[in-house]
Amino acid sequence: MADALRALAMDAVEQAKSGHPGMPMGMADIATVLFTQFLRFDPRAPDWPDRDRFVLSNGHGSLLLYGLLHLTGYADMTLDELKRFRQLGSRTAGHPERGHASGIETTTGPLGQGLGNSVGMALAERLLAVEFGEAIVDHRTYVFVGDGCLMEGISHEALSLAGHLGLNKLIVFWDDNSISIDGPTDLAVSDDQVTRFRAHGWAAERVDGHDHEAIAEAIRHAHKSNRPNLIACRTTIAFGAPTKAGTAAAHGTPLGAAEIAGARQRLGWSAPPFVIPEDVRAEWRAAGARGEAVRRAWEERLRSQPPERRAEFLRRQRGELPAGLDASIAELCDGFRQANAKVATRQASGAVLDTLTRVVPELVGGSADLTPSNNTKAKDQKDVRPGDFSGRYIRYGVREHGMAAAMNGIAVHGGLIPYGGTFLTFSDYARPSIRLSAFMGAGVIYVMTHDSIGLGEDGPTHQPVEHLAALRAMPGLYVYRPADPVETAECWALALHRRDAPALLALTRQPLPLLRRDAGTENLSARGAYVMAEAEGVRQVTLLATGSEVSLAIIAREALAKEGIRAAVVSMPCWELFENEPREYQDTVLGSAPRVAVEAAVRFGWDRWLGPRGAFIGMEGFGASAPGEALFPYFGITPEKVAQAARSLL
Ligand SMILES: Cc1ncc(C[n+]2csc(CCOP(=O)(O)OP(=O)(O)O)c2C)c(N)n1
């Protein structure tokens, strides 16, 4: 059965003239033991919520996963798809992409990300098990990793977090083949991985990764563990290949006809390319059928749950938001207006969360050790602790990358909506995982505070300058920069409603005046940009701004009005939403008068809104260490400068 996986990998890579045969051939035995004896899955119900999760973190070995899905009977993973490996429009992308085929739990390829996701998946399982009971939530997370995953820095954060939380239903198989692209791994690394995992609080043991009984025994052992588990599997890359096995030559290039013929002979596999002998296919199908009865029994248990719990569980699985969310947001906005709240948007966000966490129980929050700064912990949220998963607030520690990867795992697991905070400037530390949120359409919500020089004294290392531009450049990520408490609540509502894309809220450290005094219940941020203050009469200039700079634009507008210059102020809390609006709406908002944009960040990206005659007031380089109030004038980001720029355009 393992040889069937090997043959499919060799043949598909050969056909595509591209791909990685070595890893699938090396891990085929481990995969066979796991899928035929342990993994709880049902190809006929790929999204069965209580299935075990399988993550291929060393995603370059994608053919191993495709072979497994094909052989165990996932309907959409046909032999044809394997033959079209890496071709345009096939389900069998170069690296596994979530959504391309059922059974692909998460997108992998950037090494270490899958491992990071798996921590979130295993955590989500525990959180939901406590909430809904182990009768309906009781599954494991199995992960394949290579040397590359373990060399990546993200592995440190992932292992450390999983070890701290004691996620004992997480089982990692390390493809310990001592080979990566450059050659033997000892060119670059001499870590003792088993000792390393143990130091992180994991149980770890070594096995021969080609000995089925030893692998099975290690899995049985791991099932009884009270810690997360590493099974370090000693393997040979491209096992079976006569001259390339055990060498870097087998990592990422087709083996070639002669080598494949030699491997067939060694393995005793005489079937032609893409042909699986009936008896082997039947055994694999039987392995795929193992889970059906288990799944049906689970469905029975779900049916016998109290109706309310069952309905809530199913609502969460469908990703439907609870009724009452929008009413709560409207109420919050009213409250802000009545209180004339002059607060930082991070503080407004905290107030929003105090309400939302009660209305939306699937919210699970956290911060990378900046809870008091990010205002991410709601009043009634309890900490998640090792061994106690009844809370809904995760202390991610100073692990931005690990946090973001775990949040992706929580999001794709289903049943929970993760949000987590850090300083906007450290979005760089999480960026590879943010990219995967965007790529997968995972509805993670990033709460990034201290969003400009306005944060002040911590200085230029902490003051984001190019981050908004860099984040806006990322396809599929919705970047929100609200201007006041009302917009903050609106942006939270928008972030929550869009369950098929990540959102990033850029929030201020410093207090801002309340700008939105309109009493309507319409979410004005929903179109991405809107006229906050129209000109008195025909517009002569349009002032565009986001976040903390909208209030500067408002002051500039008043100053200009005194001189008889008619300026409108457009608040642009979310460029991506505005881009989605029809051209007519965009034209109405932007107007035909010259435009001045103000944002305490670099100009990059703004020209698309400014047009050929526009002016920009913002940052041209890094910030400086001083109180925020001193920095805005120092860098020339003031109402006077905005007004001056406006005048110069008339
Ligand atoms: C973040 C990241 N960096 C680099 C790569 C390119 N890359 C793909 S596989 C690989 C080597 C991985 O070695 P190992 O995990 O030992 O895989 P094996 O050779 O055993 O298949 C590299 C550098 C990548 N996919 N992701």
# chains A, B, ... in the order shown; residues from 1 in each chain; ligands from 1
call {"tool": "residues_around", "arguments": {"residues": "stretch 415-421 of chain A", "least_positions_apart": "6", "cutoff": "9 Å", "atoms": "only C-alpha atoms", "output": "PyMOL selection string"}}
result
chain A and resi 49+124+127-128+313-319+360-371+373-376+394+396+400+403-404+407-408+443-449+496+499
call {"tool": "select_by_dssp", "arguments": {"residues": "stretch 201-329 of chain A", "states": "strand (DSSP E)", "output": "list in words"}}
result
Ala203, Ala204, Glu205, Arg206, Val207, Asp208, Asn229, Leu230, Ile231, Ala232, Cys233 and Arg234 of chain A
call {"tool": "residues_around", "arguments": {"residues": "A:Gly109", "least_positions_apart": "6", "cutoff": "9 Å", "atoms": "only C-alpha atoms", "output": "number ranges by chain"}}
result
A: 56-62, 94-97
call {"tool": "residues_around", "arguments": {"residues": "A:Lys562", "least_positions_apart": "5", "cutoff": "12 Å", "atoms": "only C-alpha atoms", "output": "PyMOL selection string"}}
result
chain A and resi 536+555-557+567+643
call {"tool": "write_last_selection", "arguments": {"atoms": "N, CA, C and O atoms", "output": "short mmCIF file (atom, residue, chain, number, x, y, z; two decimals), in the first residue's frame"}}
result
data_model
loop_
_atom_site.label_atom_id
_atom_site.label_comp_id
_atom_site.auth_asym_id
_atom_site.auth_seq_id
_atom_site.Cartn_x
_atom_site.Cartn_y
_atom_site.Cartn_z
N GLU A 536 -19.51 73.17 1.85
CA GLU A 536 -20.69 74.04 1.82
C GLU A 536 -20.75 74.65 0.42
O GLU A 536 -20.12 75.67 0.18
N ILE A 555 -10.42 69.65 10.89
CA ILE A 555 -9.98 70.98 11.35
C ILE A 555 -9.52 71.82 10.15
O ILE A 555 -9.84 73.01 10.04
N ALA A 556 -8.80 71.17 9.24
CA ALA A 556 -8.34 71.89 8.05
C ALA A 556 -9.53 72.40 7.24
O ALA A 556 -9.52 73.53 6.73
N ARG A 557 -10.55 71.58 7.14
CA ARG A 557 -11.75 71.99 6.39
C ARG A 557 -12.38 73.25 6.98
O ARG A 557 -12.76 74.17 6.26
N ALA A 567 -14.17 72.87 1.14
CA ALA A 567 -13.50 71.57 1.16
C ALA A 567 -14.43 70.50 1.73
O ALA A 567 -15.22 70.78 2.64
N ALA A 643 -4.25 72.33 5.06
CA ALA A 643 -4.90 73.51 4.47
C ALA A 643 -3.98 74.17 3.44
O ALA A 643 -4.42 74.56 2.35
#
call {"tool": "closest_atom_pairs", "arguments": {"of": "chain A", "to": "ligand 1", "cutoff": "8 Å", "atoms": "only C-alpha atoms and all ligand atoms", "output": "tab-separated table"}}
result
residue	atom	partner	partner_atom_place_in_ligand_line	distance
A:His20	CA	ligand 1	21 (O)	7.1
A:Gly22	CA	ligand 1	21 (O)	5.8
A:Met23	CA	ligand 1	21 (O)	4.3
A:Asn58	CA	ligand 1	15 (O)	6.0
A:Gly59	CA	ligand 1	25 (N)	7.5
A:His60	CA	ligand 1	9 (S)	5.9
A:Gly61	CA	ligand 1	21 (O)	6.6
A:Gly109	CA	ligand 1	25 (N)	4.9
A:Pro110	CA	ligand 1	26 (N)	3.6
A:Leu111	CA	ligand 1	26 (N)	4.1
A:Gly112	CA	ligand 1	1 (C)	6.9
A:Val145	CA	ligand 1	15 (O)	6.8
A:Gly146	CA	ligand 1	15 (O)	3.5
A:Asp147	CA	ligand 1	16 (O)	3.9
A:Gly148	CA	ligand 1	15 (O)	3.5
A:Cys149	CA	ligand 1	15 (O)	5.8
A:Leu150	CA	ligand 1	15 (O)	7.7
A:Glu152	CA	ligand 1	1 (C)	7.0
A:Asp175	CA	ligand 1	20 (O)	6.5
A:Asp176	CA	ligand 1	20 (O)	7.4
A:Asn177	CA	ligand 1	20 (O)	5.8
A:Ser178	CA	ligand 1	16 (O)	6.5
A:Ile179	CA	ligand 1	19 (O)	5.0
A:Ser180	CA	ligand 1	13 (O)	3.6
A:Ile181	CA	ligand 1	11 (C)	4.9
A:Asp182	CA	ligand 1	11 (C)	7.8
A:Thr185	CA	ligand 1	16 (O)	7.3
A:Ile237	CA	ligand 1	20 (O)	6.2
A:Ala248	CA	ligand 1	19 (O)	6.5
A:Ala250	CA	ligand 1	19 (O)	7.8
A:His251	CA	ligand 1	19 (O)	4.8
A:Gly252	CA	ligand 1	21 (O)	7.4
call {"tool": "closest_residue", "arguments": {"among": "A:Met440, A:Ala348, A:Leu650, A:Ala535", "to": "A:Thr488", "atoms": "only C-alpha atoms"}}
result
A:Ala348
call {"tool": "closest_residue", "arguments": {"among": "A:Gln265, A:Ser328, A:Ser433, A:Thr508", "to": "A:Thr106", "atoms": "only C-alpha atoms"}}
result
A:Ser433
call {"tool": "closest_atom_pairs", "arguments": {"of": "stretch 482-523 of chain A", "to": "stretch 465-476 of chain A", "cutoff": "12 Å", "atoms": "only C-alpha atoms", "output": "tab-separated table"}}
result
residue	atom	partner	partner_atom	distance
A:Arg498	CA	A:Gly476	CA	11.1
A:Arg499	CA	A:Gly476	CA	11.9
A:Asp500	CA	A:Gly476	CA	9.2
A:Ala501	CA	A:Gly476	CA	6.3
A:Pro502	CA	A:Gly476	CA	7.3
A:Ala503	CA	A:Gly476	CA	8.9
A:Leu504	CA	A:Leu471	CA	8.6
A:Leu505	CA	A:Leu468	CA	10.4
A:Ala506	CA	A:Leu468	CA	8.3
A:Leu507	CA	A:Leu468	CA	11.4
call {"tool": "residues_around", "arguments": {"residues": "stretch 305-312 of chain A", "least_positions_apart": "4", "cutoff": "9 Å", "atoms": "only C-alpha atoms", "output": "PyMOL selection string"}}
result
chain A and resi 132+135-136+300-301+316-317
call {"tool": "select_by_dssp", "arguments": {"residues": "stretch 70-143 of chain A", "states": "helix (DSSP H, G or I)", "output": "ChimeraX atom specification"}}
result
/A:70-72,79-83,113-132
call {"tool": "residues_around", "arguments": {"residues": "A:Asp383", "least_positions_apart": "2", "cutoff": "9 Å", "atoms": "only C-alpha atoms", "output": "ChimeraX atom specification"}}
result
/A:366,381,385,388-395
call {"tool": "residues_around", "arguments": {"residues": "A:Gly73", "least_positions_apart": "2", "cutoff": "7 Å", "atoms": "only C-alpha atoms", "output": "PDB file with N, CA and C atoms, in the first residue's frame"}}
result
ATOM      1  N   PRO A  43     -14.001   9.907   3.606  1.00  0.00           N
ATOM      2  CA  PRO A  43     -13.936  10.604   2.316  1.00  0.00           C
ATOM      3  C   PRO A  43     -15.311  11.014   1.800  1.00  0.00           C
ATOM      4  N   LEU A  69      -5.524  10.949  -0.668  1.00  0.00           N
ATOM      5  CA  LEU A  69      -6.923  11.334  -0.899  1.00  0.00           C
ATOM      6  C   LEU A  69      -7.505  10.508  -2.045  1.00  0.00           C
ATOM      7  N   HIS A  70      -6.702  10.303  -3.063  1.00  0.00           N
ATOM      8  CA  HIS A  70      -7.177   9.507  -4.201  1.00  0.00           C
ATOM      9  C   HIS A  70      -7.445   8.066  -3.765  1.00  0.00           C
ATOM     10  N   LEU A  71      -6.483   7.464  -3.132  1.00  0.00           N
ATOM     11  CA  LEU A  71      -6.592   6.034  -2.833  1.00  0.00           C
ATOM     12  C   LEU A  71      -7.666   5.734  -1.792  1.00  0.00           C
ATOM     13  N   ALA A  75     -13.896  11.742  -3.671  1.00  0.00           N
ATOM     14  CA  ALA A  75     -14.437  11.713  -5.026  1.00  0.00           C
ATOM     15  C   ALA A  75     -13.763  12.728  -5.947  1.00  0.00           C
ATOM     16  N   ARG A 285      -9.244   1.441  -0.383  1.00  0.00           N
ATOM     17  CA  ARG A 285     -10.654   1.836  -0.271  1.00  0.00           C
ATOM     18  C   ARG A 285     -11.237   1.400   1.067  1.00  0.00           C
ATOM     19  N   GLY A 288     -10.291   3.740   3.581  1.00  0.00           N
ATOM     20  CA  GLY A 288     -11.107   4.953   3.473  1.00  0.00           C
ATOM     21  C   GLY A 288     -12.512   4.748   4.017  1.00  0.00           C
TER      22      GLY A 288
END
